[in-house]
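K.L.:
The following file, my_file-v9.cif, comprises mmCIF, C-alpha atoms (C1' of nucleotides):
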data_structure
loop_
_atom_site.label_atom_id
_atom_site.label_comp_id
_atom_site.auth_asym_id
_atom_site.auth_seq_id
_atom_site.Cartn_x
_atom_site.Cartn_y
_atom_site.Cartn_z
CA MET A 1 0.00 0.00 0.00
CA SER A 2 2.82 2.40 0.71
CA ILE A 3 5.12 1.86 -2.24
CA LYS A 4 2.27 2.37 -4.60
CA HIS A 5 1.34 5.69 -3.03
CA SER A 6 4.92 6.78 -2.68
CA LEU A 7 5.46 6.38 -6.39
CA LEU A 8 2.29 8.29 -7.08
CA VAL A 9 3.45 11.12 -4.85
CA LEU A 10 6.77 11.30 -6.61
CA LEU A 11 5.05 11.28 -9.98
CA GLY A 12 2.91 14.14 -8.75
CA GLU A 13 5.94 16.37 -8.93
CA GLY A 14 6.52 15.60 -12.58
CA ASP A 15 7.01 12.79 -15.03
CA ARG A 16 9.54 10.22 -14.04
CA TYR A 17 10.90 6.90 -15.17
CA GLY A 18 11.41 3.84 -13.02
CA TYR A 19 15.06 4.08 -12.26
CA GLU A 20 14.69 7.70 -11.33
CA LEU A 21 11.77 6.97 -9.04
CA ARG A 22 13.73 4.48 -7.10
CA GLN A 23 16.58 6.90 -6.55
CA GLU A 24 14.30 9.69 -5.44
CA PHE A 25 12.44 7.38 -3.15
CA GLU A 26 15.58 6.24 -1.41
CA GLY A 27 16.80 9.80 -1.20
CA ARG A 28 13.61 11.00 0.40
CA THR A 29 13.50 8.25 2.97
CA GLY A 30 17.15 8.59 3.77
CA GLY A 31 17.84 5.16 2.38
CA VAL A 32 16.11 3.58 5.32
CA TRP A 33 13.73 1.78 3.07
CA PRO A 34 15.84 0.02 0.44
CA LEU A 35 13.67 -0.45 -2.60
CA ASN A 36 14.38 -3.11 -5.16
CA VAL A 37 14.29 -1.68 -8.67
CA GLY A 38 12.33 -4.57 -10.00
CA GLN A 39 9.58 -3.77 -7.59
CA VAL A 40 9.33 -0.26 -8.95
CA TYR A 41 8.68 -1.62 -12.41
CA THR A 42 6.12 -4.16 -11.33
CA THR A 43 4.37 -1.57 -9.22
CA LEU A 44 4.33 0.85 -12.13
CA GLU A 45 2.82 -1.85 -14.29
CA ARG A 46 0.01 -2.33 -11.82
CA LEU A 47 -0.51 1.40 -11.54
CA GLU A 48 -0.80 1.67 -15.28
CA ARG A 49 -3.13 -1.29 -15.42
CA ASP A 50 -5.39 0.43 -12.87
CA GLY A 51 -5.32 3.65 -14.81
CA LEU A 52 -3.54 5.68 -12.15
CA VAL A 53 -0.62 6.52 -14.42
CA THR A 54 0.07 6.60 -18.12
CA ARG A 55 3.24 5.47 -19.77
CA GLU A 56 5.08 6.78 -22.77
CA GLU A 57 8.44 5.84 -24.15
CA SER A 58 10.98 8.56 -24.49
CA ASP A 59 14.62 8.94 -25.46
CA GLY A 60 14.08 6.60 -28.38
CA GLY A 61 12.78 3.76 -26.30
CA ARG A 62 15.56 3.89 -23.76
CA GLN A 63 13.40 5.35 -21.07
CA VAL A 64 9.80 4.77 -20.15
CA ARG A 65 8.32 7.91 -18.67
CA TYR A 66 5.30 7.71 -16.46
CA ARG A 67 2.81 10.49 -15.96
CA LEU A 68 0.29 10.78 -13.18
CA ALA A 69 -3.25 10.45 -14.52
CA ASP A 70 -6.18 12.31 -13.06
CA VAL A 71 -7.37 9.21 -11.28
CA GLY A 72 -3.95 8.91 -9.76
CA ARG A 73 -3.94 12.51 -8.69
CA THR A 74 -7.22 12.00 -6.89
CA GLU A 75 -5.82 8.91 -5.26
CA VAL A 76 -2.86 10.83 -3.93
CA GLU A 77 -5.02 13.57 -2.50
CA GLN A 78 -7.17 11.02 -0.77
CA TRP A 79 -4.09 9.35 0.59
CA TRP A 80 -2.84 12.57 2.10
CA SER A 81 -6.13 13.42 3.67
CA SER A 82 -6.88 10.02 5.16
CA PRO A 83 -4.79 8.44 7.90
CA VAL A 84 -2.91 5.20 7.53
CA PRO A 85 -5.40 2.65 8.85
CA VAL A 86 -4.59 1.73 12.41
CA GLN A 87 -4.31 -1.97 12.96
CA LYS A 88 -7.51 -2.55 14.83
CA VAL A 89 -7.52 -6.26 14.41
CA GLY A 90 -4.36 -7.00 16.24
CA ARG A 91 -1.99 -8.36 13.68
CA ASP A 92 0.93 -8.17 16.05
CA ASP A 93 3.42 -10.97 15.65
CA VAL A 94 5.07 -10.52 19.00
CA ALA A 95 1.85 -10.21 20.95
CA LEU A 96 0.46 -13.24 19.22
CA LYS A 97 3.54 -15.25 20.01
CA ILE A 98 3.54 -14.30 23.66
CA ALA A 99 -0.18 -14.92 24.01
CA LEU A 100 0.35 -18.29 22.45
CA ALA A 101 3.29 -19.02 24.69
CA ALA A 102 1.31 -18.04 27.75
CA SER A 103 -1.42 -20.51 26.92
CA THR A 104 0.73 -23.39 25.81
CA PRO A 105 1.80 -25.89 28.45
CA GLY A 106 5.47 -26.71 28.50
CA VAL A 107 6.56 -23.40 27.11
CA ASP A 108 8.64 -21.01 29.16
CA VAL A 109 6.86 -17.72 28.57
CA LEU A 110 9.35 -15.76 30.58
CA ALA A 111 12.19 -17.07 28.47
CA VAL A 112 10.35 -16.08 25.31
CA ILE A 113 9.79 -12.61 26.70
CA HIS A 114 13.42 -12.28 27.73
CA ALA A 115 14.66 -13.32 24.32
CA GLN A 116 12.38 -10.85 22.67
CA ARG A 117 13.39 -8.01 24.92
CA ARG A 118 17.04 -8.75 24.37
CA ALA A 119 16.53 -8.53 20.62
CA VAL A 120 14.52 -5.33 20.79
CA MET A 121 17.00 -3.63 23.05
CA THR A 122 19.86 -4.58 20.79
CA SER A 123 18.15 -3.05 17.81
CA LEU A 124 17.35 -0.06 19.98
CA GLN A 125 21.05 0.43 20.63
CA ASP A 126 21.80 0.08 16.95
CA LEU A 127 19.19 2.64 16.11
CA ASN A 128 20.42 5.16 18.62
CA ARG A 129 23.97 4.67 17.49
CA ALA A 130 23.04 5.01 13.84
CA LYS A 131 20.94 8.04 14.60
CA ARG A 132 23.97 9.86 15.93
CA THR A 133 25.81 9.08 12.71
CA GLY A 134 23.28 9.93 10.03
CA SER A 135 22.08 13.49 9.76
CA ASP A 136 19.36 13.25 7.17
CA GLU A 137 16.04 14.68 8.28
CA ALA A 138 13.94 11.95 6.71
CA TRP A 139 16.23 9.37 8.15
CA GLU A 140 15.87 10.75 11.64
CA LEU A 141 12.10 10.79 11.37
CA VAL A 142 11.99 7.16 10.43
CA ALA A 143 14.64 6.23 12.96
CA ASP A 144 12.69 7.95 15.71
CA ALA A 145 9.57 6.11 14.73
CA LEU A 146 11.39 2.83 15.04
CA ILE A 147 12.90 3.89 18.34
CA PHE A 148 9.59 4.93 19.81
CA ARG A 149 8.04 1.71 18.68
CA ALA A 150 10.85 -0.40 20.04
CA GLU A 151 10.64 1.34 23.38
CA ALA A 152 6.93 0.72 23.49
CA GLU A 153 7.59 -2.92 22.82
CA VAL A 154 10.04 -3.11 25.68
CA ARG A 155 7.57 -1.44 27.98
CA TRP A 156 4.90 -3.86 26.91
CA LEU A 157 7.20 -6.80 27.48
CA ASP A 158 7.93 -5.50 31.01
CA HIS A 159 4.26 -5.01 31.63
CA THR A 160 3.40 -8.45 30.37
CA GLU A 161 6.16 -10.14 32.26
CA ALA A 162 5.02 -8.53 35.49
CA ARG A 163 1.46 -9.58 34.85
CA LEU A 164 2.39 -13.14 34.04
CA ALA A 165 4.73 -13.38 36.99
CA GLN A 166 1.99 -12.58 39.46
CA ARG A 167 -0.46 -15.10 38.10
CA THR A 168 -0.74 -18.50 39.74
CA PRO A 169 2.39 -20.30 38.58
CA VAL A 170 0.60 -23.55 37.83
CA THR A 171 2.30 -24.31 34.54
CA ALA A 172 5.73 -24.04 36.09
CA SER A 173 7.19 -26.95 34.12
CA GLY A 174 9.24 -24.92 31.71
CA THR A 175 11.65 -26.31 29.17
CA ARG A 176 14.55 -24.53 30.77
CA GLY A 177 14.74 -22.23 33.72
CA ALA A 178 14.14 -18.53 33.12
CA LEU A 179 15.57 -15.73 35.15
CA GLN A 180 12.69 -14.62 37.30
CA THR A 181 12.93 -10.86 37.18
CA PRO A 182 10.14 -9.17 39.10
CA GLY A 183 9.50 -6.32 36.71
CA ALA A 184 7.73 -3.09 37.50
CA SER A 185 4.32 -2.90 39.10
CA ALA A 186 1.45 -3.16 36.69
CA PRO A 187 -0.88 -0.18 36.76
CA ASP A 188 -4.35 -1.47 36.08
CA ALA A 189 -5.76 1.46 34.14
CA VAL A 190 -4.04 2.95 31.13
CA PRO A 191 -0.62 1.33 30.99
CA ALA A 192 1.20 4.35 29.58
CA THR A 193 4.00 6.26 31.24
CA GLY A 194 6.31 3.32 31.74
CA GLU A 195 9.65 4.80 32.56
CA GLY A 196 12.10 1.95 33.04
CA VAL A 197 13.45 1.13 29.64
CA GLN A 198 17.14 0.79 30.35
CA ARG A 199 18.32 -2.29 32.09
CA MET B 1 5.18 -16.20 9.40
CA SER B 2 3.00 -16.24 12.45
CA ILE B 3 0.03 -18.27 11.32
CA LYS B 4 2.32 -20.99 10.15
CA HIS B 5 4.05 -21.23 13.49
CA SER B 6 0.85 -20.87 15.43
CA LEU B 7 -0.59 -23.89 13.70
CA LEU B 8 2.59 -25.80 14.36
CA VAL B 9 2.40 -24.91 18.03
CA LEU B 10 -1.19 -26.10 18.25
CA LEU B 11 -0.31 -29.31 16.46
CA GLY B 12 2.45 -29.78 19.01
CA GLU B 13 -0.19 -30.52 21.61
CA GLY B 14 -1.70 -33.31 19.58
CA ASP B 15 -3.14 -34.17 16.21
CA ARG B 16 -5.71 -31.78 14.91
CA TYR B 17 -7.76 -31.12 11.81
CA GLY B 18 -8.18 -27.80 10.12
CA TYR B 19 -11.50 -26.71 11.47
CA GLU B 20 -10.40 -27.54 14.96
CA LEU B 21 -7.18 -25.61 14.58
CA ARG B 22 -8.97 -22.49 13.62
CA GLN B 23 -11.26 -22.67 16.64
CA GLU B 24 -8.41 -23.24 19.01
CA PHE B 25 -6.41 -20.45 17.49
CA GLU B 26 -9.20 -17.96 17.91
CA GLY B 27 -9.81 -19.17 21.41
CA ARG B 28 -6.19 -18.76 22.38
CA THR B 29 -5.89 -15.28 20.97
CA GLY B 30 -9.16 -14.18 22.48
CA GLY B 31 -10.67 -13.83 19.04
CA VAL B 32 -8.58 -10.75 18.41
CA TRP B 33 -7.06 -12.30 15.36
CA PRO B 34 -9.93 -13.54 13.22
CA LEU B 35 -8.61 -16.34 11.10
CA ASN B 36 -10.25 -17.34 7.85
CA VAL B 37 -10.76 -21.10 7.68
CA GLY B 38 -9.58 -21.25 4.12
CA GLN B 39 -6.28 -19.87 5.18
CA VAL B 40 -5.84 -22.66 7.67
CA TYR B 41 -6.20 -25.21 4.92
CA THR B 42 -3.86 -23.49 2.52
CA THR B 43 -1.32 -23.03 5.27
CA LEU B 44 -1.60 -26.69 6.21
CA GLU B 45 -1.03 -27.60 2.58
CA ARG B 46 2.18 -25.61 2.53
CA LEU B 47 3.26 -27.11 5.82
CA GLU B 48 2.72 -30.57 4.46
CA ARG B 49 4.51 -29.70 1.25
CA ASP B 50 7.50 -28.54 3.29
CA GLY B 51 7.45 -31.69 5.37
CA LEU B 52 6.63 -29.99 8.65
CA VAL B 53 3.44 -31.95 9.14
CA THR B 54 1.94 -35.16 7.87
CA ARG B 55 -1.66 -35.66 6.92
CA GLU B 56 -3.90 -38.64 7.29
CA GLU B 57 -7.59 -38.98 6.68
CA SER B 58 -9.72 -40.10 9.55
CA ASP B 59 -13.38 -40.60 10.33
CA GLY B 60 -13.90 -42.21 6.96
CA GLY B 61 -12.55 -39.33 4.99
CA ARG B 62 -14.64 -36.74 6.77
CA GLN B 63 -11.73 -35.30 8.65
CA VAL B 64 -8.13 -34.75 7.69
CA ARG B 65 -5.95 -35.04 10.71
CA TYR B 66 -2.56 -33.43 10.73
CA ARG B 67 0.37 -34.55 12.80
CA LEU B 68 3.47 -32.59 13.63
CA ALA B 69 6.50 -34.14 11.95
CA ASP B 70 9.95 -34.11 13.51
CA VAL B 71 11.03 -31.32 11.22
CA GLY B 72 8.05 -29.36 12.37
CA ARG B 73 8.82 -30.01 15.99
CA THR B 74 12.32 -28.67 15.50
CA GLU B 75 10.89 -25.66 13.77
CA VAL B 76 8.63 -24.90 16.70
CA GLU B 77 11.45 -25.18 19.18
CA GLN B 78 13.53 -22.81 17.14
CA TRP B 79 10.64 -20.42 16.91
CA TRP B 80 10.25 -20.34 20.67
CA SER B 81 13.91 -19.82 21.30
CA SER B 82 14.48 -17.11 18.71
CA PRO B 83 12.89 -13.67 18.91
CA VAL B 84 10.54 -12.29 16.33
CA PRO B 85 12.86 -10.37 14.02
CA VAL B 86 12.77 -6.68 14.84
CA GLN B 87 12.08 -4.52 11.85
CA LYS B 88 15.51 -3.10 11.33
CA VAL B 89 14.85 -1.79 7.86
CA GLY B 90 12.12 0.58 8.77
CA ARG B 91 9.04 -0.70 7.02
CA ASP B 92 6.85 1.74 8.84
CA ASP B 93 3.94 2.98 6.78
CA VAL B 94 3.19 5.98 8.91
CA ALA B 95 6.79 7.11 9.23
CA LEU B 96 7.29 6.71 5.52
CA LYS B 97 4.22 8.74 4.78
CA ILE B 98 5.19 11.57 7.10
CA ALA B 99 8.76 11.60 5.83
CA LEU B 100 7.41 11.80 2.33
CA ALA B 101 4.98 14.53 3.28
CA ALA B 102 7.74 16.51 4.93
CA SER B 103 9.82 16.49 1.79
CA THR B 104 7.05 17.09 -0.71
CA PRO B 105 6.27 20.71 -1.59
CA GLY B 106 2.62 21.65 -1.44
CA VAL B 107 1.74 19.10 1.17
CA ASP B 108 0.57 20.14 4.59
CA VAL B 109 2.62 17.91 6.85
CA LEU B 110 0.99 19.15 9.98
CA ALA B 111 -2.43 18.30 8.62
CA VAL B 112 -1.23 14.82 7.79
CA ILE B 113 0.14 14.42 11.28
CA HIS B 114 -3.06 15.70 12.84
CA ALA B 115 -5.22 13.34 10.83
CA GLN B 116 -3.02 10.45 11.81
CA ARG B 117 -3.06 11.33 15.47
CA ARG B 118 -6.80 11.70 15.45
CA ALA B 119 -7.14 8.21 13.99
CA VAL B 120 -4.71 6.66 16.42
CA MET B 121 -6.32 8.26 19.42
CA THR B 122 -9.73 7.11 18.35
CA SER B 123 -8.55 3.55 18.07
CA LEU B 124 -6.85 4.04 21.42
CA GLN B 125 -10.17 4.93 22.99
CA ASP B 126 -11.82 1.95 21.37
CA LEU B 127 -9.12 -0.31 22.67
CA ASN B 128 -9.34 0.96 26.22
CA ARG B 129 -13.10 0.70 26.16
CA ALA B 130 -13.00 -2.79 24.75
CA LYS B 131 -10.36 -3.79 27.25
CA ARG B 132 -12.69 -2.99 30.11
CA THR B 133 -15.32 -5.22 28.52
CA GLY B 134 -13.39 -8.33 27.62
CA SER B 135 -11.78 -10.31 30.36
CA ASP B 136 -9.81 -12.91 28.48
CA GLU B 137 -6.14 -13.06 29.42
CA ALA B 138 -4.93 -13.53 25.88
CA TRP B 139 -7.16 -10.78 24.71
CA GLU B 140 -5.79 -8.37 27.25
CA LEU B 141 -2.23 -9.18 26.29
CA VAL B 142 -2.88 -8.41 22.68
CA ALA B 143 -4.97 -5.37 23.50
CA ASP B 144 -2.19 -3.99 25.70
CA ALA B 145 0.30 -4.50 22.93
CA LEU B 146 -1.84 -2.50 20.58
CA ILE B 147 -2.38 0.17 23.22
CA PHE B 148 1.31 0.52 23.96
CA ARG B 149 2.06 0.72 20.28
CA ALA B 150 -0.64 3.27 19.63
CA GLU B 151 0.61 5.41 22.48
CA ALA B 152 4.09 5.25 21.09
CA GLU B 153 2.79 6.38 17.76
CA VAL B 154 1.04 9.35 19.32
CA ARG B 155 4.22 10.25 21.16
CA TRP B 156 6.18 10.01 17.95
CA LEU B 157 3.67 12.16 16.13
CA ASP B 158 3.97 14.80 18.87
CA HIS B 159 7.71 14.59 18.71
CA THR B 160 7.76 14.88 14.95
CA GLU B 161 5.29 17.71 14.87
CA ALA B 162 7.37 19.67 17.34
CA ARG B 163 10.49 19.06 15.34
CA LEU B 164 8.90 20.05 12.06
CA ALA B 165 7.26 23.11 13.59
CA GLN B 166 10.59 24.51 14.70
CA ARG B 167 12.29 24.09 11.37
CA THR B 168 12.47 27.04 8.97
CA PRO B 169 8.94 27.25 7.57
CA VAL B 170 10.07 27.79 4.01
CA THR B 171 7.57 25.48 2.33
CA ALA B 172 4.68 27.22 4.02
CA SER B 173 2.41 27.03 0.98
CA GLY B 174 0.15 24.30 2.26
CA THR B 175 -2.98 23.08 0.52
CA ARG B 176 -5.13 24.13 3.41
CA GLY B 177 -4.30 25.73 6.73
CA ALA B 178 -3.40 23.42 9.56
CA LEU B 179 -3.95 24.13 13.21
CA GLN B 180 -0.54 25.10 14.45
CA THR B 181 -0.33 23.34 17.77
CA PRO B 182 3.01 23.95 19.49
CA GLY B 183 3.51 20.43 20.80
CA ALA B 184 5.76 19.40 23.64
CA SER B 185 9.41 20.22 23.81
CA ALA B 186 11.63 17.82 21.98
CA PRO B 187 14.27 16.18 24.14
CA ASP B 188 17.29 15.66 21.98
CA ALA B 189 18.63 12.46 23.45
CA VAL B 190 16.56 9.32 23.84
CA PRO B 191 12.99 10.40 23.18
CA ALA B 192 11.41 7.98 25.63
CA THR B 193 9.43 8.91 28.69
CA GLY B 194 6.87 10.99 26.94
CA GLU B 195 4.01 11.40 29.33
CA GLY B 196 1.46 13.62 27.68
CA VAL B 197 -0.65 11.32 25.61
CA GLN B 198 -4.11 12.55 26.45
CA ARG B 199 -5.24 15.74 24.79
"C1'" DC C 1 39.10 -3.29 -22.52
"C1'" DG C 2 36.69 -3.86 -18.31
"C1'" DA C 3 34.07 -2.22 -14.67
"C1'" DC C 4 30.40 0.41 -13.31
"C1'" DA C 5 26.28 3.15 -13.48
"C1'" DC C 6 22.11 3.52 -16.19
"C1'" DA C 7 17.76 1.47 -17.52
"C1'" DT C 8 14.13 -1.99 -18.16
"C1'" DG C 9 12.19 -5.88 -17.37
"C1'" DT C 10 10.65 -11.25 -16.21
"C1'" DA C 11 9.96 -15.27 -13.24
"C1'" DA C 12 9.01 -17.27 -9.22
"C1'" DC C 13 7.86 -17.35 -4.65
"C1'" DA C 14 5.82 -16.22 0.21
"C1'" DC C 15 2.15 -14.74 2.83
"C1'" DG C 16 -2.17 -13.01 3.54
"C1'" DT C 17 -7.07 -12.10 2.23
"C1'" DT C 18 -11.61 -12.70 0.21
"C1'" DA C 19 -15.01 -15.11 -1.88
"C1'" DC C 20 -17.05 -19.04 -3.44
"C1'" DA C 21 -18.35 -24.17 -3.74
"C1'" DT C 22 -19.60 -28.47 -1.71
"C1'" DG C 23 -21.26 -31.71 1.15
"C1'" DA C 24 -22.45 -34.15 5.93
"C1'" DT C 25 -24.43 -33.81 10.45
"C1'" DT C 26 -26.90 -31.92 14.05
"C1'" DT C 27 -30.83 -29.52 16.01
"C1'" DG C 28 -34.96 -26.60 16.58
"C1'" DC D 1 -37.93 -29.96 6.98
"C1'" DA D 2 -34.95 -26.04 7.33
"C1'" DA D 3 -31.25 -23.80 9.25
"C1'" DA D 4 -27.02 -23.84 11.57
"C1'" DT D 5 -22.79 -25.90 12.44
"C1'" DC D 6 -19.18 -28.95 11.03
"C1'" DA D 7 -15.65 -29.84 7.68
"C1'" DT D 8 -12.81 -29.40 3.54
"C1'" DG D 9 -11.37 -27.28 0.00
"C1'" DT D 10 -10.43 -24.05 -4.64
"C1'" DA D 11 -9.65 -19.73 -7.18
"C1'" DA D 12 -8.07 -15.40 -7.55
"C1'" DC D 13 -5.98 -11.36 -6.11
"C1'" DG D 14 -2.75 -7.89 -3.58
"C1'" DT D 15 1.59 -6.81 -1.99
"C1'" DG D 16 6.17 -7.60 -1.18
"C1'" DT D 17 10.68 -10.02 -2.04
"C1'" DT D 18 14.53 -12.19 -4.44
"C1'" DA D 19 16.98 -13.45 -8.23
"C1'" DC D 20 18.01 -13.38 -12.81
"C1'" DA D 21 18.40 -11.59 -17.74
"C1'" DT D 22 19.57 -8.00 -20.96
"C1'" DG D 23 21.32 -4.17 -23.07
"C1'" DT D 24 23.47 0.77 -23.37
"C1'" DG D 25 26.55 4.37 -22.14
"C1'" DT D 26 30.52 6.19 -19.70
"C1'" DC D 27 34.99 6.47 -17.78
"C1'" DG D 28 39.47 5.05 -16.03
#
Output the file's structure in the form of structure tokens.
P.N.:
Amino acid sequence: MSIKHSLLVLLGEGDRYGYELRQEFEGRTGGVWPLNVGQVYTTLERLERDGLVTREESDGGRQVRYRLADVGRTEVEQWWSSPVPVQKVGRDDVALKIALAASTPGVDVLAVIHAQRRAVMTSLQDLNRAKRTGSDEAWELVADALIFRAEAEVRWLDHTEARLAQRTPVTASGTRGALQTPGASAPDAVPATGEGVQR
Amino acid sequence: MSIKHSLLVLLGEGDRYGYELRQEFEGRTGGVWPLNVGQVYTTLERLERDGLVTREESDGGRQVRYRLADVGRTEVEQWWSSPVPVQKVGRDDVALKIALAASTPGVDVLAVIHAQRRAVMTSLQDLNRAKRTGSDEAWELVADALIFRAEAEVRWLDHTEARLAQRTPVTASGTRGALQTPGASAPDAVPATGEGVQR
DNA sequence: CGACACATGTAACACGTTACATGATTTG
DNA sequence: CAAATCATGTAACGTGTTACATGTGTCG
């Protein structure tokens, strides 16, 4: 959904050809989102098929310029004015995994949580380190988004661990022993304002 | 990646047939993740093709029982012991959109941010309301994950808005006027510990 | 010349999603 | 009986991803 619209946005600024679109895209996003060239072409094909863009060969057939059609222009405007749909359904891989782990006998939920947190915090370090290096504005925006999200995930993992730790430890027959860290207290209402991210 | 492993996990507790798997899955996840039955069957096909499960008809051909193969069992164990890969690359639809908006002339970034925040906060309300209703443990886990993530997104939107507001407003020729909310101060270091989510 | 950037494409696959088709069995 | 539930599947599409194929132009 996003590549399609991104290309449309770029085409909104003027006619472009595939190769060019890819370069601009990576420039705009600070290279955070590496885009395979092939994908640009296939996406453009679909866009043309759906009548959002028109194609015309130029430079004696060496380049294939694309132009934003009216339908496409409308599409872009709608995209700008409507928010990215929030995942109401709950397609969250991590949450699903933990929920599954919590309800599966013989699985060490705490260990799963620990492993996950370790991974998230590592990537968090990487992100913060990389953020200091790169100076691109777009890059920093995206990096911050990832950082905020990662921090939220850590907070959620803490929250969940605390909650699971205080439940009746019936299914205590784990595969291997997990470090039983107590975790912060779990506020019952809105779980925001977690402050302990660093460990 | 998750449905596949979820089915494998369920099969780890004993032989199951498709219909049954779907019911158990929805039960375990508190129904948060509605799973189309057809998808269970196609997924099972792939799993069988890849040798992770074996199939055998039972009940006179009325049911098709699946059994976890050794390869599948290994796969499950690996899944439990390895974290869900953190999105290092930055496939973040919202961040991409905002970054694009910020670098596209004639687009009102603030308006885009506002629309997004409005949507997120609405879903946040829904989630909190629904959380009070449902009492399932799995459901609450997943709901919390979504809540934490949504809050992080709001915080990031605030953060980004503040940052964009203080940059030289050269491209001030927006499509329509946006409410110029000042937003919180932007801490330069780690942007965690945002506390003002409610508006 | 050889390597590299430019430029376009095809093929195949993975995963998810929706919709439709088809029967058997239970139950009001 | 009719409707709902049980149970299995197929077809088609959307989006993303990787890998490969092919040719031109430029520059050291």
K.L.:
So which residues get picked by the PyMOL selection byres ((chain A and resi 94-103) around 10) here, written as a PyMOL selection string?
P.N.:
(chain A and resi 90-93+104-113+116+153+156-157+160-161+164+171) or (chain B and resi 2-3+5-6+9-10+25+28-30+32-33+79-80+83-86+137-146)
K.L.:
Identify all residues satisfying the PyMOL selection byres ((chain B) within 12 of (chain C)) in the given file; provide them as JSON, numbers by chain.
P.N.:
{"B": [1, 2, 3, 4, 34, 35, 36, 37, 38, 39, 40, 42, 43, 46, 59, 60, 61, 62, 63]}
K.L.:
I would like the residues chosen by the PyMOL selection byres ((chain A and resi 51) around 12) on the shown file; could you give them as a list in words?
P.N.:
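The output of the PyMOL selection byres ((chain A and resi 51) around 12) on this file is Leu8, Leu44, Glu45, Arg46, Leu47, Glu48, Arg49, Asp50, Leu52, Val53, Thr54, Arg55, Tyr66, Arg67, Leu68, Ala69, Asp70, Val71, Gly72, Arg73, Thr74 and Glu75 of chain A.
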K.L.:
Report as a tab-separated table: every residue of chain D with an atom at most 9 Å from chain A, its closest pair of atoms, and their distance in Å to one decimal, counting all atoms listed in the file, with rows sorted by chain and ascending residue number.
P.N.:
residue	atom	partner	partner_atom	distance
D:DT15	C1'	A:Met1	CA	7.3
D:DG16	C1'	A:Gln39	CA	8.2
D:DT17	C1'	A:Gln39	CA	8.4
D:DT24	C1'	A:Arg62	CA	8.5
K.L.:
What is the distance between atom C1' of DA19 of chain D and atom CA of Gln23 of chain A, in Å to one decimal?
P.N.:
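Separating atom C1' of DA19 of chain D from atom CA of Gln23 of chain A is a distance of 20.4 Å.
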K.L.:
Between B:Asp15, B:Glu24, B:Glu151, B:Asp158, which one has atoms that come closest to chain A, using only C-alpha atoms?
P.N.:
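Selected residue with least distance to chain A: B:Glu151.
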K.L.:
Give me the residues within 12 Å of Thr122 of chain A as a ChimeraX atom specification, counting only C-alpha atoms (C1' of nucleotides) and dropping any in the same chain fewer than 2 places off.
P.N.:
/A:115-120,124-129,147,150-151,154,198-199 /B:83,85-88
K.L.:
To one decimal place in Å, what is the distance between atom CA of Ser123 of chain A and atom CA of Gly31 of chain A?
P.N.:
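Taking atom CA of Ser123 of chain A as the start and atom CA of Gly31 of chain A as the end point, the length is 17.5 Å.
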